[in-house]
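J.: As input, take upload01.txt (compact mmCIF, C-alpha atoms):
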# COMPACT_ATOMS: atom_id res chain seq x y z
CA MET A 1 -11.12 15.33 19.00
CA ASP A 2 -9.70 13.82 15.82
CA ILE A 3 -12.15 11.46 14.14
CA VAL A 4 -10.46 9.26 11.56
CA VAL A 5 -12.24 8.46 8.32
CA GLY A 6 -10.89 5.24 6.76
CA ILE A 7 -10.91 4.18 3.10
CA SER A 8 -14.54 3.78 1.94
CA ASP A 9 -15.83 5.50 5.04
CA ILE A 10 -17.98 8.51 6.04
CA LYS A 11 -17.95 10.43 9.30
CA CYS A 12 -20.16 13.38 10.26
CA SER A 13 -20.17 15.52 13.37
CA SER A 14 -21.89 18.52 14.91
CA LYS A 15 -19.46 18.86 17.78
CA ASN A 16 -17.46 22.06 17.58
CA GLU A 17 -14.31 20.50 18.97
CA ASP A 18 -14.18 17.67 16.42
CA VAL A 19 -11.81 17.50 13.46
CA LEU A 20 -12.52 14.91 10.75
CA VAL A 21 -9.31 13.46 9.32
CA THR A 22 -8.58 11.12 6.45
CA TYR A 23 -5.11 9.88 5.58
CA ALA A 24 -3.36 8.80 2.41
CA LEU A 25 -5.81 9.48 -0.39
CA GLY A 26 -3.80 8.27 -3.39
CA SER A 27 -6.25 8.00 -6.29
CA CYS A 28 -9.15 8.07 -3.84
CA ILE A 29 -11.03 11.33 -3.21
CA ALA A 30 -12.05 13.09 -0.01
CA VAL A 31 -15.28 15.10 -0.15
CA ALA A 32 -15.53 17.59 2.71
CA VAL A 33 -18.87 19.30 3.37
CA HIS A 34 -19.77 21.91 5.97
CA ASP A 35 -22.89 23.81 7.03
CA PRO A 36 -21.76 26.89 8.99
CA VAL A 37 -25.25 27.67 10.34
CA ALA A 38 -26.02 24.19 11.66
CA GLY A 39 -22.39 23.65 12.66
CA VAL A 40 -22.25 20.31 10.88
CA ALA A 41 -19.37 18.80 8.92
CA GLY A 42 -19.02 15.55 7.01
CA LEU A 43 -16.09 13.82 5.34
CA LEU A 44 -16.20 11.00 2.78
CA HIS A 45 -13.20 8.98 1.52
CA PHE A 46 -14.30 7.08 -1.58
CA MET A 47 -12.08 4.79 -3.66
CA LEU A 48 -13.84 4.00 -6.93
CA PRO A 49 -16.06 5.92 -9.37
CA ASP A 50 -19.00 3.66 -10.05
CA SER A 51 -21.00 1.22 -7.92
CA THR A 52 -22.19 -0.82 -10.92
CA LEU A 53 -18.79 -2.55 -10.63
CA ASP A 54 -20.04 -4.52 -7.61
CA GLN A 55 -23.53 -3.77 -6.40
CA SER A 56 -23.54 -6.14 -3.47
CA LYS A 57 -20.37 -4.47 -2.22
CA ALA A 58 -22.02 -1.07 -2.75
CA ALA A 59 -24.98 -2.15 -0.61
CA GLN A 60 -22.65 -3.24 2.15
CA ALA A 61 -20.12 -0.36 1.86
CA PRO A 62 -21.77 2.53 -0.03
CA ALA A 63 -18.94 4.93 0.87
CA MET A 64 -16.60 2.94 -1.39
CA PHE A 65 -18.03 4.47 -4.58
CA ALA A 66 -18.61 8.06 -5.71
CA ASP A 67 -22.18 7.50 -6.87
CA THR A 68 -23.36 5.84 -3.65
CA GLY A 69 -21.00 7.61 -1.21
CA ILE A 70 -21.70 11.24 -2.10
CA PRO A 71 -25.51 11.02 -1.65
CA LEU A 72 -24.99 9.17 1.64
CA LEU A 73 -22.60 11.89 2.84
CA PHE A 74 -25.23 14.57 2.26
CA LYS A 75 -28.03 12.52 3.84
CA SER A 76 -25.91 11.82 6.91
CA CYS A 77 -25.33 15.56 7.33
CA TYR A 78 -29.04 16.36 6.88
CA GLN A 79 -29.75 14.05 9.79
CA LEU A 80 -27.60 16.28 11.97
CA GLY A 81 -29.52 19.37 10.83
CA ALA A 82 -27.51 20.48 7.81
CA GLU A 83 -29.30 21.92 4.76
CA LYS A 84 -28.13 21.54 1.19
CA ARG A 85 -28.42 25.25 0.28
CA ARG A 86 -26.00 26.24 3.06
CA MET A 87 -23.46 23.48 2.58
CA THR A 88 -19.98 24.19 1.19
CA VAL A 89 -18.16 21.45 -0.70
CA LYS A 90 -14.40 20.98 -0.93
CA VAL A 91 -12.60 18.06 -2.53
CA ALA A 92 -9.05 16.67 -2.56
CA GLY A 93 -7.26 13.62 -3.96
CA GLY A 94 -7.67 11.76 -7.23
CA ALA A 95 -3.92 11.54 -7.86
CA SER A 96 -2.50 9.50 -10.74
CA ILE A 97 0.83 7.88 -11.43
CA LEU A 98 3.08 9.60 -13.97
CA ASN A 99 2.29 9.48 -17.71
CA ASP A 100 -0.50 7.11 -16.82
CA THR A 101 -1.46 5.03 -19.75
CA ASP A 102 -4.99 3.92 -20.48
CA TYR A 103 -4.62 1.35 -17.76
CA PHE A 104 -4.08 3.37 -14.63
CA ARG A 105 -6.77 6.02 -14.73
CA ILE A 106 -8.60 5.47 -11.46
CA GLY A 107 -7.64 8.93 -10.17
CA LYS A 108 -8.97 10.69 -13.26
CA LYS A 109 -12.09 8.54 -13.40
CA ASN A 110 -12.82 9.37 -9.77
CA ILE A 111 -12.53 13.10 -10.48
CA THR A 112 -14.81 12.87 -13.54
CA ALA A 113 -17.43 10.76 -11.77
CA MET A 114 -17.51 13.13 -8.81
CA ARG A 115 -17.86 16.25 -10.99
CA LYS A 116 -20.77 14.68 -12.89
CA ILE A 117 -22.63 13.87 -9.68
CA PHE A 118 -22.25 17.41 -8.34
CA TRP A 119 -23.18 18.96 -11.69
CA ARG A 120 -26.33 16.85 -11.98
CA ASN A 121 -27.37 17.82 -8.48
CA ASN A 122 -26.65 21.54 -8.87
CA VAL A 123 -23.91 21.54 -6.28
CA LEU A 124 -20.89 23.77 -6.76
CA ILE A 125 -17.44 22.59 -5.72
CA GLY A 126 -16.16 25.48 -3.62
CA ALA A 127 -12.49 24.54 -3.59
CA GLU A 128 -10.34 21.65 -4.67
CA ASP A 129 -6.88 20.18 -4.74
CA THR A 130 -7.02 17.23 -7.10
CA GLY A 131 -4.94 15.31 -9.63
CA LEU A 132 -1.12 15.34 -9.95
CA ASN A 133 0.86 12.56 -8.31
CA PHE A 134 0.77 13.39 -4.62
CA ASN A 135 -0.61 11.43 -1.74
CA ARG A 136 -2.80 13.70 0.39
CA THR A 137 -4.15 13.88 3.92
CA VAL A 138 -7.24 16.01 4.65
CA ARG A 139 -8.35 17.62 7.94
CA LEU A 140 -11.77 19.25 8.23
CA SER A 141 -12.68 21.19 11.34
CA VAL A 142 -16.34 21.13 12.38
CA ALA A 143 -16.16 24.52 14.10
CA ASP A 144 -15.36 26.62 11.04
CA GLY A 145 -15.23 24.25 8.05
CA LYS A 146 -11.55 24.94 7.63
CA CYS A 147 -10.09 22.31 5.30
CA LEU A 148 -6.35 21.58 5.40
CA VAL A 149 -4.61 19.42 2.82
CA LYS A 150 -1.20 17.94 3.58
CA VAL A 151 0.66 16.66 0.55
CA SER A 152 3.20 13.81 0.46
CA ASN A 153 6.03 16.25 -0.34
CA GLY A 154 5.42 17.93 3.02
CA THR A 155 3.50 21.07 2.01
CA LEU A 156 0.37 22.04 3.89
CA LYS A 157 -2.33 24.26 2.45
CA GLU A 158 -5.84 25.41 3.16
CA ILE A 159 -8.40 24.95 0.41
CA MET B 1 27.56 8.93 -2.38
CA VAL B 2 26.88 5.61 -4.04
CA GLU B 3 30.03 4.12 -2.49
CA LYS B 4 28.90 5.15 0.95
CA ILE B 5 25.47 3.63 0.41
CA LEU B 6 26.87 0.35 -0.88
CA GLN B 7 29.23 0.14 2.06
CA SER B 8 26.33 0.64 4.41
CA ILE B 9 24.74 -2.56 3.12
CA ARG B 10 27.60 -4.51 4.64
CA LYS B 11 26.71 -3.16 8.06
CA LEU B 12 23.24 -4.66 7.78
CA PRO B 13 22.47 -7.44 10.24
CA ALA B 14 22.32 -10.89 8.68
CA PHE B 15 18.94 -12.17 7.60
CA PRO B 16 17.67 -14.53 10.33
CA ALA B 17 19.28 -17.92 9.75
CA SER B 18 16.24 -19.77 11.02
CA ILE B 19 14.17 -18.52 8.06
CA GLN B 20 16.68 -19.93 5.61
CA LYS B 21 16.58 -23.21 7.51
CA VAL B 22 12.79 -23.34 7.40
CA SER B 23 12.90 -22.80 3.62
CA ASP B 24 15.42 -25.60 3.25
CA LEU B 25 13.35 -27.99 5.37
CA LEU B 26 10.15 -27.16 3.48
CA ARG B 27 11.81 -28.04 0.18
CA ASP B 28 11.65 -31.68 1.26
CA ASP B 29 8.20 -33.08 0.43
CA ASP B 30 8.38 -35.28 3.47
CA TYR B 31 9.34 -32.51 5.90
CA SER B 32 9.33 -33.17 9.62
CA THR B 33 7.03 -30.99 11.72
CA GLN B 34 9.15 -31.72 14.78
CA GLU B 35 12.27 -30.41 13.09
CA LEU B 36 10.51 -27.27 11.85
CA VAL B 37 9.21 -26.54 15.34
CA LYS B 38 12.72 -26.91 16.72
CA VAL B 39 14.20 -24.47 14.21
CA ILE B 40 11.44 -21.89 14.68
CA GLN B 41 11.50 -22.08 18.47
CA TYR B 42 15.18 -21.25 18.45
CA ASP B 43 14.21 -17.69 17.46
CA GLN B 44 11.93 -16.23 20.11
CA ALA B 45 10.89 -13.15 18.15
CA ILE B 46 9.87 -15.23 15.15
CA THR B 47 8.01 -17.68 17.37
CA ALA B 48 6.00 -14.90 19.00
CA ASN B 49 5.13 -13.40 15.61
CA ILE B 50 4.14 -16.78 14.16
CA MET B 51 1.73 -17.27 17.04
CA LYS B 52 0.11 -13.88 16.41
CA MET B 53 -0.11 -14.48 12.67
CA SER B 54 -1.47 -18.00 12.77
CA ASN B 55 -4.38 -16.64 14.81
CA SER B 56 -5.07 -13.86 12.32
CA ALA B 57 -8.05 -14.02 9.99
CA TYR B 58 -5.72 -13.64 7.00
CA PHE B 59 -4.44 -17.15 7.47
CA GLY B 60 -7.98 -18.28 8.15
CA SER B 61 -7.77 -19.89 11.57
CA ARG B 62 -11.11 -20.72 13.17
CA GLN B 63 -9.82 -22.34 16.32
CA LYS B 64 -7.37 -20.71 18.66
CA ILE B 65 -3.81 -21.85 17.94
CA ARG B 66 -1.99 -22.26 21.25
CA THR B 67 1.40 -23.80 20.54
CA ILE B 68 4.03 -23.37 17.86
CA HIS B 69 3.51 -27.03 16.97
CA GLU B 70 -0.18 -26.37 16.30
CA ALA B 71 0.81 -23.31 14.26
CA VAL B 72 3.22 -25.29 12.07
CA VAL B 73 0.61 -27.97 11.43
CA PHE B 74 -2.13 -25.42 10.78
CA LEU B 75 -0.12 -23.19 8.42
CA GLY B 76 1.25 -26.19 6.55
CA ARG B 77 3.24 -26.12 3.37
CA ARG B 78 0.88 -23.62 1.79
CA HIS B 79 1.48 -20.79 4.25
CA LEU B 80 4.41 -21.63 6.49
CA GLN B 81 7.06 -20.17 4.21
CA SER B 82 5.38 -16.78 3.88
CA ALA B 83 4.36 -16.68 7.54
CA VAL B 84 7.89 -17.39 8.78
CA PHE B 85 9.30 -14.90 6.33
CA THR B 86 6.88 -12.20 7.44
CA ALA B 87 7.57 -12.96 11.09
CA GLY B 88 11.32 -12.61 10.58
CA ALA B 89 11.35 -9.66 8.18
CA SER B 90 9.33 -7.39 10.44
CA ARG B 91 12.35 -6.73 12.67
CA PHE B 92 14.08 -4.75 9.91
CA PHE B 93 11.11 -2.42 9.65
CA GLN B 94 10.81 -2.12 13.41
CA ALA B 95 14.35 -0.81 13.61
CA SER B 96 13.87 1.87 10.98
CA LYS B 97 14.72 5.35 12.20
CA GLY B 98 12.70 7.33 9.68
CA GLY B 99 14.12 10.14 7.61
CA TYR B 100 13.89 9.13 4.00
CA VAL B 101 11.02 6.79 4.65
CA ASP B 102 8.30 8.37 6.71
CA LYS B 103 8.10 5.67 9.36
CA GLY B 104 9.08 2.04 9.52
CA LYS B 105 5.50 1.14 10.37
CA ALA B 106 4.08 2.91 7.32
CA LEU B 107 6.56 1.13 5.06
CA TRP B 108 5.69 -2.17 6.73
CA GLU B 109 1.98 -1.62 6.06
CA HIS B 110 2.76 -0.81 2.44
CA SER B 111 4.96 -3.90 2.13
CA VAL B 112 2.35 -6.24 3.62
CA ALA B 113 -0.32 -4.68 1.39
CA VAL B 114 1.82 -5.26 -1.72
CA ALA B 115 2.47 -8.86 -0.61
CA VAL B 116 -1.26 -9.43 -0.05
CA MET B 117 -2.06 -7.82 -3.41
CA SER B 118 0.53 -10.02 -5.16
CA GLN B 119 -1.37 -13.11 -3.98
CA ILE B 120 -4.70 -11.65 -5.11
CA LEU B 121 -3.23 -11.12 -8.58
CA SER B 122 -1.58 -14.53 -8.60
CA ARG B 123 -4.90 -16.19 -7.75
CA HIS B 124 -6.65 -14.08 -10.37
CA LEU B 125 -4.12 -14.76 -13.14
CA ARG B 126 -2.66 -18.16 -12.32
CA GLN B 127 -5.27 -19.71 -10.01
CA ARG B 128 -2.67 -20.28 -7.31
CA GLU B 129 -0.76 -18.58 -4.53
CA ASP B 130 2.98 -18.13 -4.92
CA GLN B 131 5.22 -17.95 -1.86
CA GLU B 132 8.26 -16.77 -3.80
CA LEU B 133 6.21 -13.89 -5.18
CA TYR B 134 4.90 -13.14 -1.68
CA THR B 135 8.43 -12.99 -0.29
CA ALA B 136 9.73 -10.69 -3.01
CA ALA B 137 6.65 -8.47 -2.73
CA LEU B 138 7.07 -8.17 1.03
CA MET B 139 10.72 -7.17 0.63
CA HIS B 140 10.40 -5.05 -2.53
CA ASP B 141 11.13 -1.73 -0.78
CA ILE B 142 13.87 -3.02 1.53
CA GLY B 143 16.26 -0.63 -0.23
CA LYS B 144 14.24 2.29 1.14
CA LEU B 145 14.94 1.21 4.71
CA ILE B 146 18.67 1.38 4.11
CA LEU B 147 18.44 4.72 2.38
CA GLY B 148 16.27 5.92 5.24
CA GLU B 149 18.94 5.18 7.79
CA PHE B 150 21.95 6.45 5.94
CA VAL B 151 20.98 9.32 3.68
CA GLN B 152 18.40 11.27 5.59
CA ASP B 153 19.22 14.64 4.09
CA ALA B 154 19.05 13.47 0.45
CA TYR B 155 15.28 13.43 0.47
CA GLU B 156 14.89 17.17 0.03
CA LYS B 157 17.23 17.14 -2.98
CA ILE B 158 15.22 14.31 -4.54
CA GLN B 159 12.04 16.32 -4.05
CA ILE B 160 13.54 19.39 -5.74
CA GLN B 161 14.85 17.26 -8.57
CA MET B 162 11.41 15.74 -9.20
CA GLU B 163 9.80 19.16 -9.35
CA ARG B 164 12.48 20.78 -11.49
CA ARG B 165 12.79 17.99 -14.03
CA SER B 166 9.30 16.53 -13.61
CA CYS B 167 10.89 13.10 -13.48
CA SER B 168 9.86 10.05 -11.50
CA PHE B 169 10.98 9.38 -7.95
CA LEU B 170 13.19 6.57 -9.21
CA GLU B 171 14.95 8.78 -11.76
CA ALA B 172 15.49 11.48 -9.13
CA GLU B 173 17.03 8.90 -6.81
CA GLU B 174 19.42 7.84 -9.55
CA GLU B 175 20.45 11.45 -10.22
CA ILE B 176 20.97 12.40 -6.58
CA LEU B 177 22.16 9.15 -5.01
CA GLY B 178 23.60 7.34 -8.01
CA ILE B 179 21.39 4.32 -7.32
CA ASN B 180 17.64 3.78 -6.91
CA HIS B 181 16.00 2.00 -3.99
CA ALA B 182 14.93 -0.98 -6.15
CA GLU B 183 18.45 -1.71 -7.39
CA LEU B 184 19.78 -1.24 -3.87
CA GLY B 185 17.15 -3.73 -2.66
CA GLY B 186 18.47 -6.21 -5.23
CA ARG B 187 21.99 -5.83 -3.82
CA ILE B 188 20.68 -6.46 -0.31
CA ALA B 189 18.87 -9.55 -1.56
CA ASP B 190 22.18 -10.79 -2.96
CA GLN B 191 23.92 -10.19 0.32
CA TRP B 192 21.22 -12.16 2.12
CA ASN B 193 21.56 -14.98 -0.43
CA PHE B 194 17.97 -14.74 -1.63
CA PRO B 195 17.28 -16.79 -4.78
CA PRO B 196 17.90 -14.90 -8.08
CA ALA B 197 14.16 -14.83 -8.92
CA ILE B 198 13.41 -12.93 -5.71
CA ARG B 199 16.39 -10.65 -6.18
CA ASP B 200 15.28 -9.70 -9.70
CA GLY B 201 11.71 -9.23 -8.53
CA ILE B 202 12.94 -6.67 -6.00
CA ALA B 203 15.51 -4.98 -8.24
CA PHE B 204 13.10 -4.48 -11.17
CA HIS B 205 9.87 -3.78 -9.32
CA HIS B 206 9.54 -0.32 -10.87
CA ARG B 207 10.84 -1.24 -14.33
CA PRO B 208 9.85 -4.82 -15.11
CA ASP B 209 9.97 -3.83 -18.79
CA LEU B 210 13.78 -3.56 -18.55
CA LEU B 211 14.11 -7.18 -17.48
CA ASP B 212 14.32 -9.50 -20.42
CA ASP B 213 12.42 -12.32 -18.76
CA GLU B 214 8.72 -12.95 -19.36
CA ASP B 215 8.48 -15.38 -16.45
CA SER B 216 9.88 -12.93 -13.93
CA ILE B 217 7.77 -12.07 -10.90
CA ALA B 218 8.85 -8.40 -11.25
CA GLY B 219 5.80 -7.56 -13.38
CA LEU B 220 3.36 -8.77 -10.75
CA ILE B 221 5.21 -6.94 -7.99
CA TYR B 222 5.14 -3.81 -10.12
CA LEU B 223 1.37 -4.05 -10.57
CA SER B 224 0.74 -4.87 -6.90
CA ASP B 225 2.85 -1.87 -5.91
CA GLN B 226 1.08 0.54 -8.28
CA PHE B 227 -2.36 -0.66 -7.17
CA CYS B 228 -1.45 -0.10 -3.52
CA LEU B 229 -0.11 3.37 -4.32
CA MET B 230 -3.39 4.21 -6.01
CA ALA B 231 -5.27 3.00 -2.94
CA GLY B 232 -3.13 5.44 -0.93
CA ILE B 233 -1.18 2.71 0.88
CA ASP B 234 2.19 4.15 -0.02
CA GLY B 235 4.36 4.06 3.08
CA GLY B 236 6.87 6.53 1.73
CA LEU B 237 7.29 10.07 0.59
CA ASP B 238 7.25 9.29 -3.11
CA GLY B 239 3.47 9.43 -3.43
CA LEU B 240 2.41 8.33 -6.89
CA ALA B 241 5.49 9.75 -8.66
CA HIS B 242 6.16 6.54 -10.60
CA ARG B 243 5.85 5.78 -14.26
CA GLY B 244 2.87 3.90 -15.59
CA ILE B 245 3.95 1.02 -17.80
CA GLY B 246 0.92 -0.10 -19.78
CA SER B 247 2.77 -3.00 -21.39
CA VAL B 248 2.74 -4.87 -18.07
CA MET B 249 -1.06 -4.69 -17.91
CA LYS B 250 -1.16 -5.95 -21.49
CA GLN B 251 1.28 -8.75 -20.75
CA PHE B 252 -1.11 -10.11 -18.12
CA GLN B 253 -4.19 -9.24 -20.18
CA LEU B 254 -5.54 -7.17 -17.34
CA ARG B 255 -8.20 -4.55 -17.92
CA GLU B 256 -8.85 -1.51 -15.82
CA VAL B 257 -11.98 -3.07 -14.39
CA ASP B 258 -9.83 -5.96 -13.06
CA LEU B 259 -7.73 -3.39 -11.26
CA GLU B 260 -10.82 -1.86 -9.65
CA ARG B 261 -12.22 -5.24 -8.61
CA ASN B 262 -8.90 -6.32 -7.14
CA LEU B 263 -8.71 -3.12 -5.08
CA ILE B 264 -11.99 -4.11 -3.41
CA VAL B 265 -10.56 -7.56 -2.61
CA LEU B 266 -7.42 -5.90 -1.25
CA LEU B 267 -9.39 -3.85 1.29
CA ASP B 268 -11.22 -6.97 2.50
CA GLU B 269 -8.01 -8.95 2.87
CA LEU B 270 -6.16 -6.15 4.64
CA ASP B 271 -8.97 -6.05 7.21
CA LYS B 272 -8.27 -9.71 7.87
CA ALA B 273 -4.52 -9.11 7.99
CA ALA B 274 -4.76 -6.57 10.83
CA ASP B 275 -2.64 -8.78 13.12
CA VAL B 276 0.07 -9.01 10.49
CA LEU B 277 0.12 -5.23 10.09
CA GLN B 278 0.57 -4.87 13.83
CA LEU B 279 3.81 -6.85 13.93
CA VAL B 280 5.58 -3.50 13.55
CA ASN B 281 4.64 -0.59 15.81
Mind converting the file's structure to structure tokens?

T.:
Amino acid sequence: MDIVVGISDIKCSSKNEDVLVTYALGSCIAVAVHDPVAGVAGLLHFMLPDSTLDQSKAAQAPAMFADTGIPLLFKSCYQLGAEKRRMTVKVAGGASILNDTDYFRIGKKNITAMRKIFWRNNVLIGAEDTGLNFNRTVRLSVADGKCLVKVSNGTLKEI
Amino acid sequence: MVEKILQSIRKLPAFPASIQKVSDLLRDDDYSTQELVKVIQYDQAITANIMKMSNSAYFGSRQKIRTIHEAVVFLGRRHLQSAVFTAGASRFFQASKGGYVDKGKALWEHSVAVAVMSQILSRHLRQREDQELYTAALMHDIGKLILGEFVQDAYEKIQIQMERRSCSFLEAEEEILGINHAELGGRIADQWNFPPAIRDGIAFHHRPDLLDDEDSIAGLIYLSDQFCLMAGIDGGLDGLAHRGIGSVMKQFQLREVDLERNLIVLLDELDKAADVLQLVN
């Protein structure tokens, strides 16, 4: 079954038949994690880099920000039996508009914030499709952790 | 090609006359509710949509609105213009056959999001809502609907052009079609007798810097559009392939952190506007 992950949302599943889907990433980023042994997958769609922008919002909707969403994604997967050492991480999104000036950098800031969090926590990003100016849709299958990225120009690729 | 496209505008159905009438009536400070109800009721589709919208959280109703009379009183001068406009404009998106735009519904969601964002910015920058800005923001991509119906095969060429020349979507449209969707939208606005301020807002929504008018609403529509694209609410196939124009942010003295904060507000307001989004299936 397709389980849709909205903007600022996290979904996890341990059901083999489930596929986690998130549409229209824009400058937002999808973080897709999978534990092949436990058969657990999780998908986060965060919008902004840093929860210090609005901490009451972060308390209410932690998946909105990279720094509160990514830890919650991992914890939610642990609850279903996943273990950090077995988990693969794939990311997509973080697009920017063309020749973005200093004013429109949300996509780049999201990518930087996410990398820092993974680096600090000794997590390797296994595969990614980030940046440029495409809108992306991500599908993550629980059964095998297969991660498909569909780009606004119509191309479909596995990362 | 451009001749064919411009001719196709003439085949467009007229903009609902009742909306024009409502605008005219509202211009009178001492407008008659009775008369407004009569004009609105004449158009069944608009009436049905107004009922749905006046009960949506976006317009803030706490009690159930049961009649069009109640709706007119409840929406009042502050919201009636934008509500009636939204109710009437949705039919053009409903009829879209796809092709160049992905789906009419997706473009509708983008258009409503840009209209909602335009009011967030207007409140932030000018401490007021602005119905003219709302209208222009809602209709800013109307040119895409026309292109969608008449030039379905041009999209692939535009895509190739963007990749080969690494140009913006707008520039690729100009090369391949001879006109971009914003300018085409401006021509449609003219045909529908929209006021010049709304027409310019639509026609220059990607290049407000080319319009020699500091008071124009084009800059705010441009920003609202870019913010929605960044949030992924794009409604088309152009993704984020548009030029960033920093001078517009400067003109409104907006900082990046304002952009981020306003995106949070946008998500909250779109949740409330769910009934408005559902006017097009």

J.: Could you tell me which of A:Thr137, A:Thr52, A:Gln79, A:Ser96 comes closest to Ile7 in chain A if we count all atoms listed in the file?

T.: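 Among the listed residues, A:Thr137 lies closest to Ile7 in chain A.
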
J.: Rank nothing, just name the residue among B:Ile245, B:Ala203, B:Leu6, B:Val37 nearest to Gly178 in chain B, using all atoms listed in the file.

T.: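 Going through B:Ile245, B:Ala203, B:Leu6, B:Val37 one by one, the smallest distance to Gly178 in chain B is for B:Leu6.
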
J.: With all atoms listed in the file as the atoms that count, which of B:Gln63, B:Gln7, B:Gln131, B:Gln119 lies nearest to Ser23 in chain B?

T.: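 Smallest separation from Ser23 in chain B among the options: B:Gln131.
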
J.: Using all atoms listed in the file, find which residues of chain A lie within 8 Å of chain B and jot them down as a compact mmCIF listing (two decimals) with C-alpha atoms, in the coordinates of the input.

T.:
# COMPACT_ATOMS: atom_id res chain seq x y z
CA ALA A 24 -3.36 8.80 2.41
CA LEU A 25 -5.81 9.48 -0.39
CA GLY A 26 -3.80 8.27 -3.39
CA SER A 27 -6.25 8.00 -6.29
CA CYS A 28 -9.15 8.07 -3.84
CA MET A 47 -12.08 4.79 -3.66
CA LEU A 48 -13.84 4.00 -6.93
CA LEU A 53 -18.79 -2.55 -10.63
CA ASP A 54 -20.04 -4.52 -7.61
CA ALA A 95 -3.92 11.54 -7.86
CA SER A 96 -2.50 9.50 -10.74
CA ILE A 97 0.83 7.88 -11.43
CA LEU A 98 3.08 9.60 -13.97
CA ASN A 99 2.29 9.48 -17.71
CA ASP A 100 -0.50 7.11 -16.82
CA THR A 101 -1.46 5.03 -19.75
CA ASP A 102 -4.99 3.92 -20.48
CA TYR A 103 -4.62 1.35 -17.76
CA PHE A 104 -4.08 3.37 -14.63
CA ARG A 105 -6.77 6.02 -14.73
CA ILE A 106 -8.60 5.47 -11.46
CA GLY A 107 -7.64 8.93 -10.17
CA ASN A 133 0.86 12.56 -8.31
CA PHE A 134 0.77 13.39 -4.62
CA ASN A 135 -0.61 11.43 -1.74
CA SER A 152 3.20 13.81 0.46
CA ASN A 153 6.03 16.25 -0.34

J.: Can you tell me, as a PDB file with C-alpha atoms, in the coordinates of the input, what residues are no more than 10 Å from range 60-71 of chain A when counting all atoms listed in the file, ignoring any on the same chain fewer than 4 positions away?

T.:
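part12.pdb written:
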ATOM      1  CA  GLY A   6     -10.890   5.240   6.760  1.00  0.00           C
ATOM      2  CA  ILE A   7     -10.910   4.180   3.100  1.00  0.00           C
ATOM      3  CA  SER A   8     -14.540   3.780   1.940  1.00  0.00           C
ATOM      4  CA  ASP A   9     -15.830   5.500   5.040  1.00  0.00           C
ATOM      5  CA  ILE A  10     -17.980   8.510   6.040  1.00  0.00           C
ATOM      6  CA  CYS A  28      -9.150   8.070  -3.840  1.00  0.00           C
ATOM      7  CA  ILE A  29     -11.030  11.330  -3.210  1.00  0.00           C
ATOM      8  CA  VAL A  31     -15.280  15.100  -0.150  1.00  0.00           C
ATOM      9  CA  LEU A  43     -16.090  13.820   5.340  1.00  0.00           C
ATOM     10  CA  LEU A  44     -16.200  11.000   2.780  1.00  0.00           C
ATOM     11  CA  HIS A  45     -13.200   8.980   1.520  1.00  0.00           C
ATOM     12  CA  PHE A  46     -14.300   7.080  -1.580  1.00  0.00           C
ATOM     13  CA  MET A  47     -12.080   4.790  -3.660  1.00  0.00           C
ATOM     14  CA  LEU A  48     -13.840   4.000  -6.930  1.00  0.00           C
ATOM     15  CA  PRO A  49     -16.060   5.920  -9.370  1.00  0.00           C
ATOM     16  CA  ASP A  50     -19.000   3.660 -10.050  1.00  0.00           C
ATOM     17  CA  SER A  51     -21.000   1.220  -7.920  1.00  0.00           C
ATOM     18  CA  THR A  52     -22.190  -0.820 -10.920  1.00  0.00           C
ATOM     19  CA  LEU A  53     -18.790  -2.550 -10.630  1.00  0.00           C
ATOM     20  CA  ASP A  54     -20.040  -4.520  -7.610  1.00  0.00           C
ATOM     21  CA  GLN A  55     -23.530  -3.770  -6.400  1.00  0.00           C
ATOM     22  CA  SER A  56     -23.540  -6.140  -3.470  1.00  0.00           C
ATOM     23  CA  LYS A  75     -28.030  12.520   3.840  1.00  0.00           C
ATOM     24  CA  SER A  76     -25.910  11.820   6.910  1.00  0.00           C
ATOM     25  CA  ASN A 110     -12.820   9.370  -9.770  1.00  0.00           C
ATOM     26  CA  ILE A 111     -12.530  13.100 -10.480  1.00  0.00           C
ATOM     27  CA  THR A 112     -14.810  12.870 -13.540  1.00  0.00           C
ATOM     28  CA  ALA A 113     -17.430  10.760 -11.770  1.00  0.00           C
ATOM     29  CA  MET A 114     -17.510  13.130  -8.810  1.00  0.00           C
ATOM     30  CA  ARG A 115     -17.860  16.250 -10.990  1.00  0.00           C
ATOM     31  CA  LYS A 116     -20.770  14.680 -12.890  1.00  0.00           C
ATOM     32  CA  ILE A 117     -22.630  13.870  -9.680  1.00  0.00           C
ATOM     33  CA  PHE A 118     -22.250  17.410  -8.340  1.00  0.00           C
ATOM     34  CA  ASN A 121     -27.370  17.820  -8.480  1.00  0.00           C
TER      35      ASN A 121
ATOM     36  CA  ILE B 264     -11.990  -4.110  -3.410  1.00  0.00           C
TER      37      ILE B 264
END

J.: Which residues are near range 183-190 of chain B? Cut-off 6 Å, only C-alpha atoms, ignore same chain within fewer than 3 positions. Put them as JSON, numbers by chain.

T.: {"B": [142, 143, 180, 193, 194, 199, 202, 203]}

J.: For range 29-32 of chain B, work out the shell of residues within 12 Å, counting only C-alpha atoms and skipping chain neighbours fewer than 6 positions away, then give it as an mmCIF file with C-alpha atoms, in the coordinates of the input.

T.:
data_model
loop_
_atom_site.group_PDB
_atom_site.id
_atom_site.type_symbol
_atom_site.label_atom_id
_atom_site.label_comp_id
_atom_site.auth_asym_id
_atom_site.auth_seq_id
_atom_site.Cartn_x
_atom_site.Cartn_y
_atom_site.Cartn_z
ATOM 1 C CA LYS B 21 16.580 -23.210 7.510
ATOM 2 C CA VAL B 22 12.790 -23.340 7.400
ATOM 3 C CA SER B 23 12.900 -22.800 3.620
ATOM 4 C CA LYS B 38 12.720 -26.910 16.720
ATOM 5 C CA VAL B 39 14.200 -24.470 14.210
ATOM 6 C CA HIS B 69 3.510 -27.030 16.970
ATOM 7 C CA VAL B 72 3.220 -25.290 12.070
ATOM 8 C CA VAL B 73 0.610 -27.970 11.430
ATOM 9 C CA GLY B 76 1.250 -26.190 6.550
ATOM 10 C CA ARG B 77 3.240 -26.120 3.370
ATOM 11 C CA LEU B 80 4.410 -21.630 6.490
#
